[in-house]
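Here's coords10.cif, which has mmCIF, C-alpha atoms:
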```cif
data_upload
#
loop_
_atom_site.label_atom_id
_atom_site.label_comp_id
_atom_site.auth_asym_id
_atom_site.auth_seq_id
_atom_site.Cartn_x
_atom_site.Cartn_y
_atom_site.Cartn_z
CA LYS A 1039 -207.84 91.22 -106.09
CA LEU A 1040 -206.38 89.40 -109.11
CA SER A 1041 -204.00 86.52 -108.58
CA ASP A 1042 -200.55 86.62 -110.18
CA VAL A 1043 -201.77 84.30 -112.91
CA GLU A 1044 -204.83 86.48 -113.57
CA GLN A 1045 -202.72 89.65 -113.69
CA LYS A 1046 -200.41 88.00 -116.21
CA LEU A 1047 -203.43 86.95 -118.28
CA VAL A 1048 -204.73 90.53 -118.37
CA ARG A 1049 -201.32 92.02 -119.20
CA GLU A 1050 -200.83 89.61 -122.07
CA HIS A 1051 -204.22 90.22 -123.67
CA VAL A 1052 -205.24 93.79 -122.84
CA ILE A 1053 -205.67 96.04 -125.89
CA ILE A 1054 -205.51 99.81 -126.27
CA ARG A 1055 -207.35 101.19 -129.29
CA VAL A 1056 -207.62 104.73 -130.60
CA PHE A 1057 -210.99 105.78 -132.03
CA ASN A 1058 -211.37 108.94 -134.08
CA LYS A 1059 -214.22 111.38 -133.49
CA ASN A 1060 -217.64 109.98 -134.52
CA SER A 1061 -216.24 106.49 -135.10
CA THR A 1062 -218.10 103.43 -133.79
CA VAL A 1063 -216.66 101.83 -130.65
CA PHE A 1064 -219.34 99.17 -130.32
CA SER A 1065 -222.61 98.42 -132.11
CA ARG A 1066 -225.17 95.73 -132.74
CA GLY A 1067 -223.65 92.91 -134.71
CA SER A 1068 -220.06 93.92 -133.94
CA GLU A 1069 -217.64 91.88 -131.87
CA CYS A 1070 -218.34 91.47 -128.16
CA LEU A 1071 -215.66 93.75 -126.74
CA GLY A 1072 -215.51 92.93 -123.03
CA PHE A 1073 -214.55 95.34 -120.25
CA ILE A 1074 -213.60 98.85 -121.41
CA ARG A 1075 -212.00 101.85 -119.72
CA VAL A 1076 -211.82 105.26 -121.39
CA LEU A 1077 -208.24 106.50 -121.01
CA SER A 1078 -208.83 109.79 -122.79
CA GLY A 1079 -211.64 111.36 -124.78
CA SER A 1080 -215.36 110.70 -124.44
CA VAL A 1081 -217.78 107.99 -125.54
CA ARG A 1082 -221.55 108.30 -126.02
CA THR A 1083 -223.73 105.25 -125.35
CA PHE A 1084 -227.11 105.22 -127.09
CA LEU A 1085 -229.99 103.18 -128.46
CA THR A 1086 -231.27 103.37 -132.04
CA SER A 1087 -234.83 102.56 -133.09
CA GLU A 1088 -235.71 100.72 -136.31
CA GLU A 1089 -236.64 104.13 -137.78
CA GLY A 1090 -233.14 105.43 -136.99
CA ARG A 1091 -234.09 107.62 -134.04
CA GLU A 1092 -231.42 107.78 -131.34
CA ILE A 1093 -231.71 108.22 -127.58
CA THR A 1094 -228.56 109.04 -125.62
CA LEU A 1095 -228.28 106.91 -122.48
CA TYR A 1096 -225.08 108.18 -120.88
CA HIS A 1097 -221.50 109.31 -121.55
CA LEU A 1098 -218.21 107.72 -120.56
CA ARG A 1099 -215.31 110.04 -119.90
CA ALA A 1100 -211.65 109.55 -119.03
CA GLY A 1101 -211.22 107.10 -116.15
CA GLU A 1102 -214.70 105.59 -116.46
CA ASP A 1103 -215.44 101.90 -117.08
CA ASP A 1104 -218.21 99.93 -118.73
CA VAL A 1105 -219.28 96.34 -119.40
CA LEU A 1106 -222.39 96.89 -121.53
CA SER A 1107 -220.16 96.01 -124.48
CA ALA A 1108 -219.77 92.51 -122.97
CA SER A 1109 -223.21 91.05 -123.56
CA CYS A 1110 -221.68 87.71 -124.59
CA VAL A 1111 -220.19 87.44 -121.09
CA VAL A 1112 -222.95 88.98 -118.94
CA SER A 1113 -226.31 87.33 -119.57
CA GLN A 1114 -228.14 90.14 -117.71
CA ILE A 1115 -227.46 92.50 -120.64
CA THR A 1116 -230.55 91.98 -122.77
CA PHE A 1117 -230.73 95.11 -124.94
CA ASP A 1118 -228.50 96.36 -127.74
CA THR A 1119 -226.59 99.54 -127.01
CA GLN A 1120 -224.20 101.33 -129.33
CA MET A 1121 -221.11 103.35 -128.49
CA GLU A 1122 -219.56 106.19 -130.46
CA ALA A 1123 -216.43 108.27 -129.80
CA GLU A 1124 -217.45 111.92 -129.32
CA GLU A 1125 -213.84 113.00 -129.81
CA LYS A 1126 -210.56 111.22 -130.48
CA SER A 1127 -210.45 108.64 -127.70
CA ARG A 1128 -208.03 106.05 -126.32
CA ILE A 1129 -209.80 103.03 -124.87
CA LEU A 1130 -208.39 100.12 -122.91
CA ILE A 1131 -210.13 96.81 -123.59
CA VAL A 1132 -209.99 93.58 -121.60
CA PRO A 1133 -211.27 91.13 -124.26
CA SER A 1134 -214.46 89.21 -123.58
CA ILE A 1135 -212.71 85.82 -123.50
CA VAL A 1136 -210.43 87.08 -120.71
CA LEU A 1137 -213.28 88.79 -118.87
CA ALA A 1138 -215.32 85.57 -119.01
CA ARG A 1139 -212.48 83.60 -117.45
CA LEU A 1140 -211.96 86.18 -114.70
CA LYS A 1141 -215.69 86.35 -114.01
CA GLU A 1142 -215.89 82.57 -113.71
CA ASN A 1143 -212.97 82.22 -111.31
CA ASN A 1144 -212.80 85.45 -109.32
CA ILE A 1145 -215.70 86.58 -107.11
CA TYR A 1146 -214.26 90.12 -106.89
CA VAL A 1147 -214.37 90.51 -110.67
CA ARG A 1148 -217.95 89.22 -110.69
CA CYS A 1149 -218.93 91.77 -108.03
CA MET A 1150 -217.22 94.57 -109.97
CA ILE A 1151 -219.15 93.64 -113.11
CA TYR A 1152 -222.50 93.71 -111.31
CA GLU A 1153 -221.65 96.98 -109.56
CA LEU A 1154 -220.83 98.51 -112.96
CA LEU A 1155 -224.09 97.17 -114.40
CA THR A 1156 -226.03 98.66 -111.50
CA ARG A 1157 -224.37 102.04 -112.05
CA ARG A 1158 -225.07 102.04 -115.79
CA PHE A 1159 -228.68 100.90 -115.38
CA SER A 1160 -229.08 103.74 -112.90
CA ASP A 1161 -227.82 106.15 -115.59
CA VAL A 1162 -230.27 104.66 -118.09
CA THR A 1163 -233.16 104.91 -115.62
CA TRP A 1164 -232.33 108.55 -114.93
CA THR A 1165 -232.27 109.31 -118.66
CA PHE A 1166 -235.76 107.91 -119.16
CA GLN A 1167 -236.94 109.66 -115.99
CA GLU A 1168 -235.64 112.96 -117.39
CA VAL A 1169 -237.34 112.45 -120.74
CA LEU A 1170 -240.64 111.46 -119.15
CA PHE A 1171 -240.90 113.83 -116.18
CA LEU A 1172 -238.69 116.91 -116.59
CA ARG A 1173 -239.61 119.96 -118.64
CA ILE A 1174 -237.36 120.84 -121.58
CA ASP A 1175 -236.02 123.96 -119.84
CA GLN A 1176 -235.04 121.86 -116.80
CA ARG A 1177 -233.30 119.29 -118.98
CA ILE A 1178 -231.34 121.97 -120.83
CA ALA A 1179 -230.45 123.76 -117.58
CA SER A 1180 -229.29 120.47 -116.07
CA TRP A 1181 -227.15 119.71 -119.13
CA ILE A 1182 -225.53 123.17 -119.09
CA VAL A 1183 -224.86 123.11 -115.33
CA GLN A 1184 -223.30 119.64 -115.44
CA THR A 1185 -221.18 120.49 -118.50
CA CYS A 1186 -219.89 123.67 -116.86
CA GLU A 1187 -219.03 121.77 -113.67
CA GLN A 1188 -217.15 119.11 -115.64
CA SER A 1189 -215.16 121.66 -117.64
CA GLY A 1190 -214.69 124.16 -114.81
CA SER A 1191 -215.76 126.98 -117.12
CA THR A 1192 -218.88 129.09 -117.68
CA GLU A 1193 -218.22 129.03 -121.44
CA ILE A 1194 -219.29 125.98 -123.44
CA THR A 1195 -218.43 125.25 -127.07
CA VAL A 1196 -221.45 123.35 -128.34
CA THR A 1197 -224.08 123.36 -131.07
CA HIS A 1198 -227.85 123.09 -130.68
CA ASP A 1199 -227.62 119.75 -132.49
CA GLN A 1200 -225.27 118.35 -129.86
CA ILE A 1201 -227.48 119.44 -126.97
CA ALA A 1202 -230.57 118.08 -128.71
CA ARG A 1203 -228.88 114.71 -129.20
CA ASP A 1204 -227.75 114.55 -125.58
CA ILE A 1205 -231.11 115.43 -124.02
CA ASN A 1206 -233.14 113.54 -126.63
CA THR A 1207 -235.21 116.27 -128.23
CA ALA A 1208 -235.35 118.26 -131.47
CA ARG A 1209 -232.82 120.93 -132.46
CA GLU A 1210 -235.61 123.48 -132.98
CA VAL A 1211 -236.83 122.94 -129.43
CA VAL A 1212 -233.33 123.53 -128.05
CA ALA A 1213 -232.87 126.69 -130.13
CA ARG A 1214 -236.18 128.09 -128.90
CA MET A 1215 -235.43 127.29 -125.26
CA ILE A 1216 -231.85 128.65 -125.38
CA LYS A 1217 -233.29 131.90 -126.73
CA ARG A 1218 -235.78 132.02 -123.84
CA LEU A 1219 -233.10 131.35 -121.21
CA ALA A 1220 -231.01 134.13 -122.78
CA GLU A 1221 -233.94 136.53 -122.62
CA GLU A 1222 -234.33 135.68 -118.92
CA GLY A 1223 -230.69 136.61 -118.30
CA MET A 1224 -229.33 133.15 -117.45
CA LEU A 1225 -226.96 132.91 -120.42
CA ARG A 1226 -225.76 134.43 -123.67
CA ALA A 1227 -225.66 132.44 -126.89
CA GLY A 1228 -223.07 132.98 -129.62
CA ARG A 1229 -222.17 131.03 -132.74
CA GLY A 1230 -221.39 127.55 -131.44
CA LYS A 1231 -220.97 128.82 -127.89
CA ILE A 1232 -222.98 129.35 -124.71
CA TYR A 1233 -221.88 131.76 -121.99
CA VAL A 1234 -223.49 131.26 -118.58
CA THR A 1235 -224.20 134.68 -117.05
CA ASP A 1236 -226.25 133.62 -114.02
CA PRO A 1237 -225.29 130.12 -112.83
CA ASN A 1238 -227.41 130.44 -109.68
CA MET A 1239 -230.60 130.96 -111.69
CA LEU A 1240 -229.74 127.96 -113.87
CA LYS A 1241 -229.12 125.80 -110.80
CA LYS A 1242 -232.38 126.95 -109.29
CA LEU A 1243 -234.19 126.00 -112.49
CA CYS A 1244 -232.83 122.46 -112.27
CA LEU A 1245 -233.13 122.25 -108.48
CA ASN A 1246 -234.88 118.91 -108.76
CA CYS A 1247 -232.43 117.60 -111.35
CA ARG A 1248 -229.95 114.87 -110.64
CA GLN A 1249 -226.87 115.78 -108.62
CA GLU A 1250 -223.76 113.96 -109.83
#
```
So that I can check it, write out the structure of this file as structure tokens.
Amino acid sequence: KLSDVEQKLVREHVIIRVFNKNSTVFSRGSECLGFIRVLSGSVRTFLTSEEGREITLYHLRAGEDDVLSASCVVSQITFDTQMEAEEKSRILIVPSIVLARLKENNIYVRCMIYELLTRRFSDVTWTFQEVLFLRIDQRIASWIVQTCEQSGSTEITVTHDQIARDINTAREVVARMIKRLAEEGMLRAGRGKIYVTDPNMLKKLCLNCRQE
């Protein structure tokens, strides 16, 4: 729905950046990026408290878009998120100055921005709903089931630290719960790996969890 002039504007100013694993894509005080699309890799979006505690809000994977890094363009964004590359990632960026011009002149771009905001705020709401209302075993089961479905494998390479960060709890809690799930026959845990042995039991455990 972009005019020829708008398409030319985007082509002339679009940027593709490569971010190494654990590098900052966007943070408080950094430049207002604009519209982003993850071309490859994975990006974690999170909040950090004044004490340094983090809460993971959602992940962006290849083919997914976001505008929460465009707070200078979208006045409805009133809280400070941060973004970090979880692995080496290529990210396409439509700079904020271009996005602002498109938003001002093209109703379709404006609608796309608000649809993206709605989707991301839904992700954020679900995260807080999980933290507040789901038991730890349900949250871990949900994380494992979704990760297996995304990878198409029943074997996951992951540490307890990574799971703890993603579901917003302590590493010790994850270790204890993984051990319990293993004792109940749902999975086996190795060094840096989890093998799902009974996916049906895991899915039953997170029956009330979000379906992607």
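The spacing separating atom CA of A:Asn1144 from atom CA of A:Ala1100 amounts to 26.0 Å.
Within the file as shown, the PyMOL selection byres ((chain A and resi 1119) around 7) identifies Ser1065, Thr1083, Phe1084, Leu1085, Phe1117, Asp1118, Gln1120 and Met1121 of chain A.
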Quick one: write out the picked residues with C-alpha atoms as a compact mmCIF listing (two decimals), in the frame of the given file?
```
# COMPACT_ATOMS: atom_id res chain seq x y z
CA SER A 1065 -222.61 98.42 -132.11
CA THR A 1083 -223.73 105.25 -125.35
CA PHE A 1084 -227.11 105.22 -127.09
CA LEU A 1085 -229.99 103.18 -128.46
CA PHE A 1117 -230.73 95.11 -124.94
CA ASP A 1118 -228.50 96.36 -127.74
CA GLN A 1120 -224.20 101.33 -129.33
CA MET A 1121 -221.11 103.35 -128.49
```
Residues near stretch 1174-1189 of chain A, cut-off 10 Å, all atoms listed in the file, skip fewer than 4 positions along chain, as number ranges by chain:
A: 1168-1169, 1193-1194, 1201-1202, 1204-1207, 1211-1212, 1214-1216, 1218-1219, 1224-1225, 1232-1234, 1237-1250
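We find atom CA of A:Gly1072 and atom CA of A:Ile1131 to be spaced 6.7 Å apart.
Checking A:Leu1098, A:Ile1129, A:Leu1106, A:Ile1074 one by one against A:Val1056, counting only C-alpha atoms, you find the shortest gap at A:Ile1129.
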Could I get the residues of stretch 1068-1138 of chain A with an atom no further than 12 Å from an atom of stretch 1155-1165 of chain A, each paired with its nearest atom pair and that distance in Å to one decimal, using all atoms listed in the file, sorted by chain and residue number, as a Markdown table?
```
| residue | atom | partner | partner_atom | distance |
| --- | --- | --- | --- | --- |
| A:Phe1073 | CA | A:Leu1155 | CA | 11.3 |
| A:Thr1083 | CA | A:Val1162 | CA | 9.8 |
| A:Phe1084 | CA | A:Val1162 | CA | 9.6 |
| A:Leu1085 | CA | A:Val1162 | CA | 10.5 |
| A:Ile1093 | CA | A:Thr1165 | CA | 9.0 |
| A:Thr1094 | CA | A:Thr1165 | CA | 7.9 |
| A:Leu1095 | CA | A:Val1162 | CA | 5.3 |
| A:Tyr1096 | CA | A:Asp1161 | CA | 6.3 |
| A:His1097 | CA | A:Asp1161 | CA | 9.2 |
| A:Leu1098 | CA | A:Arg1158 | CA | 10.1 |
| A:Glu1102 | CA | A:Arg1158 | CA | 11.0 |
| A:Asp1103 | CA | A:Arg1158 | CA | 9.7 |
| A:Asp1104 | CA | A:Arg1158 | CA | 7.8 |
| A:Val1105 | CA | A:Leu1155 | CA | 7.0 |
| A:Leu1106 | CA | A:Leu1155 | CA | 7.3 |
| A:Ser1107 | CA | A:Leu1155 | CA | 10.9 |
| A:Ala1108 | CA | A:Leu1155 | CA | 10.7 |
| A:Ser1109 | CA | A:Leu1155 | CA | 11.1 |
| A:Val1112 | CA | A:Leu1155 | CA | 9.4 |
| A:Ser1113 | CA | A:Leu1155 | CA | 11.3 |
| A:Gln1114 | CA | A:Leu1155 | CA | 8.8 |
| A:Ile1115 | CA | A:Leu1155 | CA | 8.5 |
| A:Thr1116 | CA | A:Phe1159 | CA | 11.7 |
| A:Phe1117 | CA | A:Phe1159 | CA | 11.4 |
| A:Thr1119 | CA | A:Val1162 | CA | 10.9 |
```
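Note on the selection: in this file the PyMOL selection byres ((chain A and resi 1135) around 12) comes out as Leu1047, Val1048, His1051, Val1052, Glu1069, Cys1070, Leu1071, Gly1072, Phe1073, Ala1108, Ser1109, Cys1110, Val1111, Val1112, Ile1131, Val1132, Pro1133, Ser1134, Val1136, Leu1137, Ala1138, Arg1139, Leu1140, Lys1141 and Glu1142 of chain A.
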Selection export as an mmCIF file, in the frame of the given file, atoms kept: C-alpha atoms:
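The resulting file, out03.cif, is reproduced below:
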```
data_model
loop_
_atom_site.group_PDB
_atom_site.id
_atom_site.type_symbol
_atom_site.label_atom_id
_atom_site.label_comp_id
_atom_site.auth_asym_id
_atom_site.auth_seq_id
_atom_site.Cartn_x
_atom_site.Cartn_y
_atom_site.Cartn_z
ATOM 1 C CA LEU A 1047 -203.430 86.950 -118.280
ATOM 2 C CA VAL A 1048 -204.730 90.530 -118.370
ATOM 3 C CA HIS A 1051 -204.220 90.220 -123.670
ATOM 4 C CA VAL A 1052 -205.240 93.790 -122.840
ATOM 5 C CA GLU A 1069 -217.640 91.880 -131.870
ATOM 6 C CA CYS A 1070 -218.340 91.470 -128.160
ATOM 7 C CA LEU A 1071 -215.660 93.750 -126.740
ATOM 8 C CA GLY A 1072 -215.510 92.930 -123.030
ATOM 9 C CA PHE A 1073 -214.550 95.340 -120.250
ATOM 10 C CA ALA A 1108 -219.770 92.510 -122.970
ATOM 11 C CA SER A 1109 -223.210 91.050 -123.560
ATOM 12 C CA CYS A 1110 -221.680 87.710 -124.590
ATOM 13 C CA VAL A 1111 -220.190 87.440 -121.090
ATOM 14 C CA VAL A 1112 -222.950 88.980 -118.940
ATOM 15 C CA ILE A 1131 -210.130 96.810 -123.590
ATOM 16 C CA VAL A 1132 -209.990 93.580 -121.600
ATOM 17 C CA PRO A 1133 -211.270 91.130 -124.260
ATOM 18 C CA SER A 1134 -214.460 89.210 -123.580
ATOM 19 C CA VAL A 1136 -210.430 87.080 -120.710
ATOM 20 C CA LEU A 1137 -213.280 88.790 -118.870
ATOM 21 C CA ALA A 1138 -215.320 85.570 -119.010
ATOM 22 C CA ARG A 1139 -212.480 83.600 -117.450
ATOM 23 C CA LEU A 1140 -211.960 86.180 -114.700
ATOM 24 C CA LYS A 1141 -215.690 86.350 -114.010
ATOM 25 C CA GLU A 1142 -215.890 82.570 -113.710
#
```
Nearby residues (all atoms listed in the file) at most 9 Å from A:Val1196, same-chain spacing under 3 positions excluded, as a PyMOL selection string:
chain A and resi 1199-1201+1229-1232
Of the listed residues A:Ala1208, A:Glu1050, A:Arg1148, A:Val1043, that which approaches A:Glu1092 most closely, counting all atoms listed in the file
A:Ala1208
Minimum-distance residue to A:His1198, chosen among A:Phe1171, A:Ala1227, A:Ser1127, A:Ser1041 (using only C-alpha atoms):
A:Ala1227
Suppose you want the space between atom CA of A:Arg1203 and atom CA of A:Glu1222; what is it in Å?
24.0 Å
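Taking only C-alpha atoms into account, A:Arg1055 lies nearest to A:Leu1130 out of the set A:Leu1130, A:Ala1123, A:Val1081, A:Leu1040.
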